[in-house]
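Colleague: Please find one structure pasted underneath; my questions will follow.
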Amino acid sequence: MDEQQASSAQPLPALQAALAAEHAAVYGYGVAGAMLTGTERAAALADWRSHQVARDTLEAMIVKLGATPVAASAAYELPFAVRSARSARRLAAALEDGVTQAYLGVVAVTDTTLRTFGALAMRTPANRAAAWRGSTIAFPGMGDSPPPISPRPGMPGDTVPA
Amino acid sequence: MLAASATTLPLFGALSACAGPDPLKGPPPLSADVRALLQAVTAEQNLIWIYKRTMASYSALAPSLGALLAEHQAHLAQLRGRIVEPPGKSVPATVTSKPAVPGTPATALAQLRAAEQSASTAQLRRLAGASPSLAQLYASIAASEATHVTTLTALARRNPG
(Lines give C-alpha, C1' and ligand atoms only; values in the text may rest on other atoms or scores of the structure.)
Protein backbone atom coordinates (compact mmCIF):
# COMPACT_ATOMS: atom_id res chain seq x y z
CA MET A 1 0.00 0.00 0.00
CA ASP A 2 1.35 3.38 -0.95
CA GLU A 3 2.44 5.85 1.67
CA GLN A 4 3.55 8.65 -0.59
CA GLN A 5 1.11 11.04 1.03
CA ALA A 6 2.27 10.12 4.53
CA SER A 7 3.98 13.40 5.32
CA SER A 8 1.94 16.28 6.65
CA ALA A 9 0.24 18.30 3.90
CA GLN A 10 -0.48 22.01 3.70
CA PRO A 11 -4.20 22.85 3.62
CA LEU A 12 -4.27 25.03 0.52
CA PRO A 13 -2.44 22.75 -1.93
CA ALA A 14 -4.48 19.79 -0.65
CA LEU A 15 -7.75 21.67 -1.21
CA GLN A 16 -6.61 22.88 -4.63
CA ALA A 17 -5.78 19.31 -5.61
CA ALA A 18 -9.24 18.18 -4.48
CA LEU A 19 -10.79 21.00 -6.51
CA ALA A 20 -8.75 20.01 -9.57
CA ALA A 21 -10.06 16.45 -9.17
CA GLU A 22 -13.64 17.75 -8.95
CA HIS A 23 -13.13 19.82 -12.11
CA ALA A 24 -11.84 16.73 -13.87
CA ALA A 25 -14.83 14.70 -12.67
CA VAL A 26 -17.28 17.33 -13.93
CA TYR A 27 -15.61 17.18 -17.36
CA GLY A 28 -15.30 13.40 -17.35
CA TYR A 29 -18.94 12.77 -16.52
CA GLY A 30 -19.87 14.85 -19.54
CA VAL A 31 -17.97 12.34 -21.66
CA ALA A 32 -19.16 9.24 -19.81
CA GLY A 33 -22.78 10.33 -19.65
CA ALA A 34 -22.97 10.64 -23.43
CA MET A 35 -22.34 6.89 -23.74
CA LEU A 36 -24.89 5.80 -21.13
CA THR A 37 -28.62 5.30 -21.33
CA GLY A 38 -31.58 4.83 -18.99
CA THR A 39 -30.89 4.54 -15.29
CA GLU A 40 -27.13 4.65 -15.82
CA ARG A 41 -27.42 7.94 -17.66
CA ALA A 42 -29.62 9.27 -14.85
CA ALA A 43 -27.02 8.13 -12.31
CA ALA A 44 -24.24 9.82 -14.28
CA LEU A 45 -26.26 13.02 -14.40
CA ALA A 46 -26.84 12.91 -10.64
CA ASP A 47 -23.14 12.28 -10.02
CA TRP A 48 -22.17 15.10 -12.39
CA ARG A 49 -24.40 17.49 -10.42
CA SER A 50 -23.00 16.24 -7.14
CA HIS A 51 -19.45 16.99 -8.33
CA GLN A 52 -20.53 20.49 -9.28
CA VAL A 53 -21.81 21.06 -5.75
CA ALA A 54 -18.57 19.68 -4.28
CA ARG A 55 -16.58 21.89 -6.65
CA ASP A 56 -18.48 24.97 -5.47
CA THR A 57 -17.92 24.02 -1.83
CA LEU A 58 -14.16 23.68 -2.36
CA GLU A 59 -13.97 26.95 -4.26
CA ALA A 60 -15.67 28.73 -1.37
CA MET A 61 -13.28 27.14 1.12
CA ILE A 62 -10.25 28.19 -0.92
CA VAL A 63 -11.51 31.75 -1.31
CA LYS A 64 -12.07 31.87 2.44
CA LEU A 65 -8.40 30.98 2.87
CA GLY A 66 -7.52 34.04 0.74
CA ALA A 67 -6.44 32.17 -2.39
CA THR A 68 -7.68 31.91 -5.95
CA PRO A 69 -9.30 28.56 -6.73
CA VAL A 70 -7.67 26.58 -9.50
CA ALA A 71 -9.66 26.90 -12.72
CA ALA A 72 -10.98 24.02 -14.76
CA SER A 73 -9.09 23.15 -17.90
CA ALA A 74 -10.89 23.60 -21.19
CA ALA A 75 -10.15 19.97 -22.07
CA TYR A 76 -8.68 16.88 -20.45
CA GLU A 77 -6.75 13.85 -21.61
CA LEU A 78 -8.78 10.70 -21.04
CA PRO A 79 -6.95 7.54 -19.93
CA PHE A 80 -8.62 5.49 -22.66
CA ALA A 81 -11.09 5.90 -25.47
CA VAL A 82 -14.68 6.10 -24.29
CA ARG A 83 -16.82 4.64 -27.04
CA SER A 84 -19.23 2.34 -25.21
CA ALA A 85 -21.28 2.04 -22.04
CA ARG A 86 -18.67 -0.31 -20.63
CA SER A 87 -15.81 2.15 -21.09
CA ALA A 88 -18.05 4.93 -19.78
CA ARG A 89 -18.60 2.97 -16.56
CA ARG A 90 -14.85 2.39 -16.29
CA LEU A 91 -14.22 6.10 -16.73
CA ALA A 92 -16.83 7.00 -14.10
CA ALA A 93 -15.21 4.60 -11.61
CA ALA A 94 -11.77 6.04 -12.39
CA LEU A 95 -13.04 9.59 -11.93
CA GLU A 96 -14.49 8.70 -8.54
CA ASP A 97 -11.26 6.95 -7.53
CA GLY A 98 -9.36 10.11 -8.46
CA VAL A 99 -11.63 12.32 -6.37
CA THR A 100 -11.42 9.90 -3.42
CA GLN A 101 -7.62 9.95 -3.62
CA ALA A 102 -7.60 13.76 -3.71
CA TYR A 103 -9.75 14.01 -0.59
CA LEU A 104 -7.44 11.54 1.13
CA GLY A 105 -4.72 14.13 0.52
CA VAL A 106 -6.78 16.59 2.58
CA VAL A 107 -6.78 14.07 5.45
CA ALA A 108 -2.98 14.44 5.64
CA VAL A 109 -3.24 18.03 6.90
CA THR A 110 -2.83 18.55 10.62
CA ASP A 111 -5.95 20.68 11.10
CA THR A 112 -8.55 18.33 12.59
CA THR A 113 -11.55 20.10 11.05
CA LEU A 114 -10.11 19.85 7.54
CA ARG A 115 -9.02 16.29 8.22
CA THR A 116 -12.55 15.32 9.15
CA PHE A 117 -13.90 17.19 6.13
CA GLY A 118 -11.57 15.20 3.86
CA ALA A 119 -12.48 11.89 5.50
CA LEU A 120 -16.22 12.57 5.21
CA ALA A 121 -15.85 13.83 1.65
CA MET A 122 -14.17 10.55 0.64
CA ARG A 123 -17.20 8.45 1.43
CA THR A 124 -19.49 9.56 -1.39
CA PRO A 125 -16.98 9.14 -4.25
CA ALA A 126 -15.82 5.83 -2.74
CA ASN A 127 -19.43 4.64 -2.82
CA ARG A 128 -19.96 5.87 -6.35
CA ALA A 129 -16.74 4.23 -7.51
CA ALA A 130 -17.93 0.93 -6.02
CA ALA A 131 -21.29 1.33 -7.77
CA TRP A 132 -19.72 1.99 -11.18
CA ARG A 133 -17.11 -0.72 -10.72
CA GLY A 134 -19.57 -3.25 -9.33
CA SER A 135 -17.39 -4.10 -6.35
CA THR A 136 -15.82 -2.55 -3.28
CA ILE A 137 -12.11 -2.18 -2.54
CA ALA A 138 -10.32 -2.45 0.79
CA PHE A 139 -8.55 0.91 0.78
CA PRO A 140 -10.39 3.64 -1.14
CA GLY A 141 -8.12 6.51 -2.08
CA MET A 142 -4.90 4.70 -1.23
CA GLY A 143 -2.42 3.91 -3.95
CA ASP A 144 -0.08 5.79 -6.18
CA SER A 145 -2.16 5.84 -9.33
CA PRO A 146 -1.99 9.13 -11.25
CA PRO A 147 -5.13 11.23 -11.67
CA PRO A 148 -7.49 9.39 -14.03
CA ILE A 149 -7.74 12.32 -16.37
CA SER A 150 -5.40 15.27 -16.61
CA PRO A 151 -5.68 18.69 -18.20
CA ARG A 152 -4.69 18.67 -21.84
CA PRO A 153 -1.31 20.44 -22.05
CA GLY A 154 -1.50 24.08 -22.95
CA MET A 155 -5.09 24.46 -21.84
CA PRO A 156 -5.97 27.20 -19.35
CA GLY A 157 -6.22 26.12 -15.75
CA ASP A 158 -3.92 23.12 -16.11
CA THR A 159 -1.74 24.07 -13.18
CA VAL A 160 -2.59 24.00 -9.52
CA PRO A 161 -1.67 27.23 -7.77
CA ALA A 162 -0.31 26.88 -4.24
CA MET B 1 33.65 10.35 37.26
CA LEU B 2 31.76 13.28 38.62
CA ALA B 3 33.07 14.32 41.97
CA ALA B 4 30.56 15.66 44.43
CA SER B 5 31.26 19.21 45.31
CA ALA B 6 29.43 22.21 46.54
CA THR B 7 28.75 23.18 42.92
CA THR B 8 27.85 19.78 41.40
CA LEU B 9 25.48 18.53 44.10
CA PRO B 10 22.81 21.17 43.46
CA LEU B 11 23.06 20.40 39.73
CA PHE B 12 22.58 16.68 40.35
CA GLY B 13 19.60 17.44 42.53
CA ALA B 14 18.09 19.64 39.89
CA LEU B 15 18.49 16.94 37.22
CA SER B 16 16.90 14.34 39.48
CA ALA B 17 13.92 16.60 40.01
CA CYS B 18 13.22 16.82 36.26
CA ALA B 19 9.83 15.37 35.33
CA GLY B 20 10.46 12.36 33.12
CA PRO B 21 9.86 8.64 32.98
CA ASP B 22 11.26 6.75 35.93
CA PRO B 23 13.08 3.73 34.48
CA LEU B 24 12.49 1.79 37.69
CA LYS B 25 8.70 2.06 37.48
CA GLY B 26 8.30 -0.20 34.44
CA PRO B 27 7.30 0.69 30.88
CA PRO B 28 5.72 4.09 30.31
CA PRO B 29 1.96 4.24 29.64
CA LEU B 30 0.82 3.85 26.05
CA SER B 31 0.50 7.06 24.07
CA ALA B 32 -2.92 8.19 22.87
CA ASP B 33 -1.86 7.35 19.31
CA VAL B 34 -1.02 3.76 20.22
CA ARG B 35 -4.16 3.36 22.31
CA ALA B 36 -6.26 4.53 19.33
CA LEU B 37 -4.45 2.08 17.07
CA LEU B 38 -5.06 -0.80 19.46
CA GLN B 39 -8.75 0.16 19.65
CA ALA B 40 -8.90 0.13 15.85
CA VAL B 41 -7.34 -3.35 15.81
CA THR B 42 -9.89 -4.61 18.34
CA ALA B 43 -12.75 -3.05 16.38
CA GLU B 44 -11.63 -4.87 13.23
CA GLN B 45 -11.35 -8.13 15.11
CA ASN B 46 -14.88 -7.66 16.43
CA LEU B 47 -16.22 -6.99 12.92
CA ILE B 48 -14.43 -10.03 11.52
CA TRP B 49 -15.93 -12.19 14.26
CA ILE B 50 -19.46 -11.00 13.42
CA TYR B 51 -18.92 -11.63 9.70
CA LYS B 52 -17.62 -15.14 10.30
CA ARG B 53 -20.48 -16.04 12.62
CA THR B 54 -23.07 -14.60 10.23
CA MET B 55 -21.58 -16.49 7.29
CA ALA B 56 -21.53 -19.70 9.33
CA SER B 57 -25.20 -19.23 10.26
CA TYR B 58 -26.42 -18.22 6.79
CA SER B 59 -24.35 -19.97 4.17
CA ALA B 60 -26.39 -18.45 1.35
CA LEU B 61 -24.99 -15.05 2.32
CA ALA B 62 -21.40 -16.29 2.43
CA PRO B 63 -20.48 -15.54 -1.21
CA SER B 64 -21.58 -11.92 -0.88
CA LEU B 65 -20.20 -11.39 2.62
CA GLY B 66 -16.90 -13.11 1.86
CA ALA B 67 -15.63 -10.19 -0.21
CA LEU B 68 -16.39 -7.73 2.59
CA LEU B 69 -14.78 -10.03 5.16
CA ALA B 70 -11.61 -10.19 3.04
CA GLU B 71 -11.45 -6.41 3.05
CA HIS B 72 -11.73 -6.32 6.83
CA GLN B 73 -8.92 -8.85 7.07
CA ALA B 74 -6.84 -6.54 4.88
CA HIS B 75 -7.71 -3.62 7.20
CA LEU B 76 -6.64 -5.65 10.20
CA ALA B 77 -3.34 -6.60 8.60
CA GLN B 78 -2.57 -2.96 7.81
CA LEU B 79 -3.50 -1.76 11.29
CA ARG B 80 -1.49 -4.49 12.99
CA GLY B 81 1.43 -3.66 10.72
CA ARG B 82 1.52 -0.15 12.19
CA ILE B 83 2.09 -1.47 15.72
CA VAL B 84 5.68 -1.84 16.81
CA GLU B 85 5.65 -4.96 18.95
CA PRO B 86 8.38 -5.57 21.50
CA PRO B 87 10.47 -8.71 20.86
CA GLY B 88 8.65 -11.80 22.07
CA LYS B 89 5.31 -10.02 22.45
CA SER B 90 2.45 -9.62 20.03
CA VAL B 91 -0.83 -7.77 20.00
CA PRO B 92 -3.46 -10.18 21.33
CA ALA B 93 -6.20 -11.20 18.91
CA THR B 94 -8.93 -10.32 21.39
CA VAL B 95 -12.57 -10.11 20.40
CA THR B 96 -14.32 -7.90 22.93
CA SER B 97 -17.85 -7.99 21.51
CA LYS B 98 -19.62 -11.20 20.51
CA PRO B 99 -23.26 -10.42 19.76
CA ALA B 100 -25.60 -13.29 19.00
CA VAL B 101 -26.41 -13.83 15.35
CA PRO B 102 -30.03 -12.70 14.78
CA GLY B 103 -32.68 -15.22 13.78
CA THR B 104 -33.22 -14.20 10.17
CA PRO B 105 -30.88 -13.24 7.30
CA ALA B 106 -32.49 -9.81 7.12
CA THR B 107 -31.89 -9.02 10.78
CA ALA B 108 -28.39 -10.50 10.59
CA LEU B 109 -27.62 -8.15 7.70
CA ALA B 110 -29.09 -5.26 9.68
CA GLN B 111 -26.75 -6.09 12.54
CA LEU B 112 -23.75 -6.14 10.20
CA ARG B 113 -24.83 -2.86 8.66
CA ALA B 114 -25.10 -1.23 12.08
CA ALA B 115 -21.69 -2.59 13.07
CA GLU B 116 -20.12 -1.22 9.89
CA GLN B 117 -21.74 2.18 10.40
CA SER B 118 -20.55 2.33 13.97
CA ALA B 119 -17.03 1.26 13.00
CA SER B 120 -16.85 3.89 10.26
CA THR B 121 -17.91 6.63 12.67
CA ALA B 122 -15.36 5.46 15.24
CA GLN B 123 -12.55 5.74 12.67
CA LEU B 124 -13.32 9.45 12.31
CA ARG B 125 -12.90 9.95 16.06
CA ARG B 126 -9.35 8.61 15.72
CA LEU B 127 -8.28 11.27 13.22
CA ALA B 128 -7.43 13.97 15.76
CA GLY B 129 -3.85 13.67 16.89
CA ALA B 130 -2.98 10.78 14.58
CA SER B 131 0.06 11.04 12.32
CA PRO B 132 -0.83 12.00 8.73
CA SER B 133 -0.12 8.47 7.53
CA LEU B 134 -2.24 6.84 10.21
CA ALA B 135 -5.02 9.40 9.75
CA GLN B 136 -5.15 8.48 6.06
CA LEU B 137 -5.35 4.80 6.92
CA TYR B 138 -8.25 5.44 9.33
CA ALA B 139 -10.01 7.62 6.72
CA SER B 140 -9.56 5.02 3.99
CA ILE B 141 -10.90 2.26 6.22
CA ALA B 142 -13.82 4.51 7.21
CA ALA B 143 -14.61 5.04 3.52
CA SER B 144 -14.36 1.30 2.90
CA GLU B 145 -16.77 0.64 5.75
CA ALA B 146 -19.14 3.25 4.29
CA THR B 147 -19.15 1.30 1.02
CA HIS B 148 -19.89 -1.87 3.02
CA VAL B 149 -22.95 -0.17 4.54
CA THR B 150 -24.23 0.52 1.02
CA THR B 151 -23.47 -3.02 -0.12
CA LEU B 152 -25.22 -4.53 2.90
CA THR B 153 -28.24 -2.29 2.36
CA ALA B 154 -28.54 -3.57 -1.21
CA LEU B 155 -28.03 -7.13 -0.02
CA ALA B 156 -30.79 -6.73 2.57
CA ARG B 157 -33.18 -5.62 -0.17
CA ARG B 158 -32.49 -8.87 -1.99
CA ASN B 159 -32.97 -10.89 1.24
CA PRO B 160 -36.05 -9.36 2.83
CA GLY B 161 -37.18 -12.47 4.67
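Lettering and numbering for the C-alpha coordinates are positional, with chains as A, B, ... in the shown order, residues counted from 1 in each chain, and ligands counted from 1 in the shown order.
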Would you pick out the contacts of Ala70 (chain B) at 12 Å or less, using only C-alpha atoms, so that residues sharing its chain but fewer than 2 positions from it are not included, and give the list as a list of chain:residue names?
Modeller: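 These residues fall inside the cut-off: A:Thr136, A:Ile137, A:Ala138, A:Phe139, B:Glu44, B:Leu47, B:Ile48, B:Tyr51, B:Lys52, B:Ala62, B:Pro63, B:Ser64, B:Leu65, B:Gly66, B:Ala67, B:Leu68, B:His72, B:Gln73, B:Ala74, B:His75, B:Leu76, B:Ala77, B:Ser144, B:His148.
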Colleague: For the residues selected in the previous step, produce a file with N, CA and C atoms as a short mmCIF file (atom, residue, chain, number, x, y, z; two decimals), in the first residue's frame.
Modeller:
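Output file selection.cif follows:
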data_model
loop_
_atom_site.label_atom_id
_atom_site.label_comp_id
_atom_site.auth_asym_id
_atom_site.auth_seq_id
_atom_site.Cartn_x
_atom_site.Cartn_y
_atom_site.Cartn_z
N THR A 136 -16.52 -3.44 -4.21
CA THR A 136 -15.82 -2.55 -3.28
C THR A 136 -14.33 -2.85 -3.30
N ILE A 137 -13.55 -1.94 -2.71
CA ILE A 137 -12.11 -2.18 -2.54
C ILE A 137 -11.76 -1.94 -1.08
N ALA A 138 -10.66 -2.52 -0.63
CA ALA A 138 -10.32 -2.45 0.79
C ALA A 138 -9.85 -1.07 1.23
N PHE A 139 -9.15 -0.37 0.36
CA PHE A 139 -8.55 0.91 0.78
C PHE A 139 -8.85 2.01 -0.24
N GLU B 44 -11.67 -4.01 14.44
CA GLU B 44 -11.63 -4.87 13.23
C GLU B 44 -11.83 -6.33 13.60
N LEU B 47 -15.46 -6.92 14.17
CA LEU B 47 -16.22 -6.99 12.92
C LEU B 47 -16.00 -8.32 12.22
N ILE B 48 -14.76 -8.76 12.19
CA ILE B 48 -14.43 -10.03 11.52
C ILE B 48 -15.16 -11.19 12.20
N TYR B 51 -18.80 -11.13 11.09
CA TYR B 51 -18.92 -11.63 9.70
C TYR B 51 -18.82 -13.15 9.66
N LYS B 52 -17.83 -13.69 10.35
CA LYS B 52 -17.62 -15.14 10.30
C LYS B 52 -18.81 -15.89 10.89
N ALA B 62 -22.87 -16.22 2.37
CA ALA B 62 -21.40 -16.29 2.43
C ALA B 62 -20.71 -15.74 1.18
N PRO B 63 -21.18 -16.07 -0.03
CA PRO B 63 -20.48 -15.54 -1.21
C PRO B 63 -20.44 -14.01 -1.23
N SER B 64 -21.55 -13.39 -0.86
CA SER B 64 -21.58 -11.92 -0.88
C SER B 64 -20.77 -11.34 0.27
N LEU B 65 -20.89 -11.93 1.45
CA LEU B 65 -20.20 -11.39 2.62
C LEU B 65 -18.71 -11.68 2.60
N GLY B 66 -18.32 -12.73 1.88
CA GLY B 66 -16.90 -13.11 1.86
C GLY B 66 -15.99 -12.00 1.36
N ALA B 67 -16.46 -11.27 0.35
CA ALA B 67 -15.63 -10.19 -0.21
C ALA B 67 -15.43 -9.08 0.82
N LEU B 68 -16.50 -8.79 1.57
CA LEU B 68 -16.39 -7.73 2.59
C LEU B 68 -15.50 -8.20 3.75
N HIS B 72 -11.99 -6.57 5.41
CA HIS B 72 -11.73 -6.32 6.83
C HIS B 72 -10.43 -7.01 7.27
N GLN B 73 -10.17 -8.17 6.73
CA GLN B 73 -8.92 -8.85 7.07
C GLN B 73 -7.72 -8.05 6.55
N ALA B 74 -7.90 -7.42 5.40
CA ALA B 74 -6.84 -6.54 4.88
C ALA B 74 -6.68 -5.31 5.77
N HIS B 75 -7.78 -4.76 6.26
CA HIS B 75 -7.71 -3.62 7.20
C HIS B 75 -6.92 -4.03 8.44
N LEU B 76 -7.29 -5.18 8.97
CA LEU B 76 -6.64 -5.65 10.20
C LEU B 76 -5.13 -5.83 10.00
N ALA B 77 -4.76 -6.39 8.87
CA ALA B 77 -3.34 -6.60 8.60
C ALA B 77 -2.60 -5.27 8.54
N SER B 144 -14.07 2.70 3.27
CA SER B 144 -14.36 1.30 2.90
C SER B 144 -15.58 0.80 3.66
N HIS B 148 -19.30 -0.61 2.53
CA HIS B 148 -19.89 -1.87 3.02
C HIS B 148 -21.34 -1.64 3.47
#
Colleague: Using DSSP secondary structure from the backbone, list all strand (DSSP E) positions within chain A, as a ChimeraX atom specification.
Modeller: /A:76-77,150-151
Colleague: With only C-alpha atoms considered, list every residue of chain B at most 10 Å from chain A, as a ChimeraX atom specification.
Modeller: /B:67-75,78,120-121,123-151
Colleague: So which one's closest to Tyr27 (chain A), A:Ser145, A:Ser150, A:Thr57, A:Thr39? Using only C-alpha atoms, please.
Modeller: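 Of all the options, A:Ser150 lies closest to Tyr27 (chain A).
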Colleague: Please identify all polymer residues within 8 Å of Glu22 (chain A), counting only C-alpha atoms, omitting same-chain residues fewer than 6 positions from it, and present them as a ChimeraX atom specification.
Modeller: /A:51-52,54-55,99
Colleague: Now that the selection is made, can you save its residues with N, CA and C atoms as a PDB file, in the first residue's frame?
Modeller:
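Result file is out_33.pdb:
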ATOM      1  N   HIS A  51     -20.827  16.475  -8.219  1.00  0.00           N
ATOM      2  CA  HIS A  51     -19.455  16.993  -8.327  1.00  0.00           C
ATOM      3  C   HIS A  51     -19.440  18.515  -8.509  1.00  0.00           C
ATOM      4  N   GLN A  52     -20.453  19.028  -9.144  1.00  0.00           N
ATOM      5  CA  GLN A  52     -20.527  20.489  -9.282  1.00  0.00           C
ATOM      6  C   GLN A  52     -20.732  21.142  -7.913  1.00  0.00           C
ATOM      7  N   ALA A  54     -19.826  19.840  -5.015  1.00  0.00           N
ATOM      8  CA  ALA A  54     -18.566  19.679  -4.280  1.00  0.00           C
ATOM      9  C   ALA A  54     -17.528  20.686  -4.764  1.00  0.00           C
ATOM     10  N   ARG A  55     -17.495  20.900  -6.071  1.00  0.00           N
ATOM     11  CA  ARG A  55     -16.577  21.894  -6.646  1.00  0.00           C
ATOM     12  C   ARG A  55     -16.849  23.274  -6.060  1.00  0.00           C
ATOM     13  N   VAL A  99     -11.102  11.355  -7.341  1.00  0.00           N
ATOM     14  CA  VAL A  99     -11.635  12.318  -6.371  1.00  0.00           C
ATOM     15  C   VAL A  99     -11.408  11.787  -4.942  1.00  0.00           C
TER      16      VAL A  99
END
Colleague: So what do you get for CA of Arg113 (chain B) versus CA of Gln39 (chain B), distance-wise?
Modeller: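 Calculated distance between CA of Arg113 (chain B) and CA of Gln39 (chain B) is 19.7 Å.
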Colleague: Which parts of region 6-152 of chain A does DSSP call helix (DSSP H, G or I) when run on the backbone here, written out as an NGL selection string?
Modeller: :A and (11-33 or 38-64 or 85-107 or 112-133)
Colleague: Using only C-alpha atoms, can you tell me which of B:Ser31, B:Thr94, B:Gln117, B:Gln111 comes closest to Gln45 (chain B)?
Modeller: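 Of B:Ser31, B:Thr94, B:Gln117, B:Gln111, the one nearest Gln45 (chain B) is B:Thr94, counting only C-alpha atoms.
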Colleague: Can you tell me which residues surround Leu78 (chain A) at a distance of at most 10 Å, considering only C-alpha atoms, apart from same-chain residues fewer than 3 positions away, and format the answer as a VMD selection string?
Modeller: chain A and resid 24 28 31 75 81 to 82 91 148 to 152
Colleague: Would you write out those residues with N, CA and C atoms, as a CSV table (one decimal), in the first residue's frame?
Modeller:
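Output file part-v6.csv is given in full below:
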chain,number,residue,atom,x,y,z
A,24,ALA,N,-12.1,17.8,-12.9
A,24,ALA,CA,-11.8,16.7,-13.9
A,24,ALA,C,-13.1,15.8,-13.9
A,28,GLY,N,-15.3,14.8,-17.0
A,28,GLY,CA,-15.3,13.4,-17.4
A,28,GLY,C,-16.7,12.8,-17.4
A,31,VAL,N,-18.4,13.3,-20.6
A,31,VAL,CA,-18.0,12.3,-21.7
A,31,VAL,C,-18.7,11.0,-21.4
A,75,ALA,N,-10.0,21.4,-21.6
A,75,ALA,CA,-10.2,20.0,-22.1
A,75,ALA,C,-9.2,19.1,-21.3
A,81,ALA,N,-10.0,5.5,-24.6
A,81,ALA,CA,-11.1,5.9,-25.5
A,81,ALA,C,-12.4,5.5,-24.8
A,82,VAL,N,-13.4,6.4,-24.8
A,82,VAL,CA,-14.7,6.1,-24.3
A,82,VAL,C,-15.7,6.0,-25.4
A,91,LEU,N,-14.7,4.7,-16.9
A,91,LEU,CA,-14.2,6.1,-16.7
A,91,LEU,C,-14.9,6.7,-15.5
A,148,PRO,N,-6.9,10.1,-12.9
A,148,PRO,CA,-7.5,9.4,-14.0
A,148,PRO,C,-7.5,10.2,-15.3
A,149,ILE,N,-7.8,11.5,-15.2
A,149,ILE,CA,-7.7,12.3,-16.4
A,149,ILE,C,-7.0,13.6,-16.0
A,150,SER,N,-6.2,14.1,-16.9
A,150,SER,CA,-5.4,15.3,-16.6
A,150,SER,C,-5.7,16.3,-17.6
A,151,PRO,N,-5.4,17.6,-17.2
A,151,PRO,CA,-5.7,18.7,-18.2
A,151,PRO,C,-4.8,18.5,-19.5
A,152,ARG,N,-5.4,18.8,-20.6
A,152,ARG,CA,-4.7,18.7,-21.8
A,152,ARG,C,-3.6,19.8,-21.8
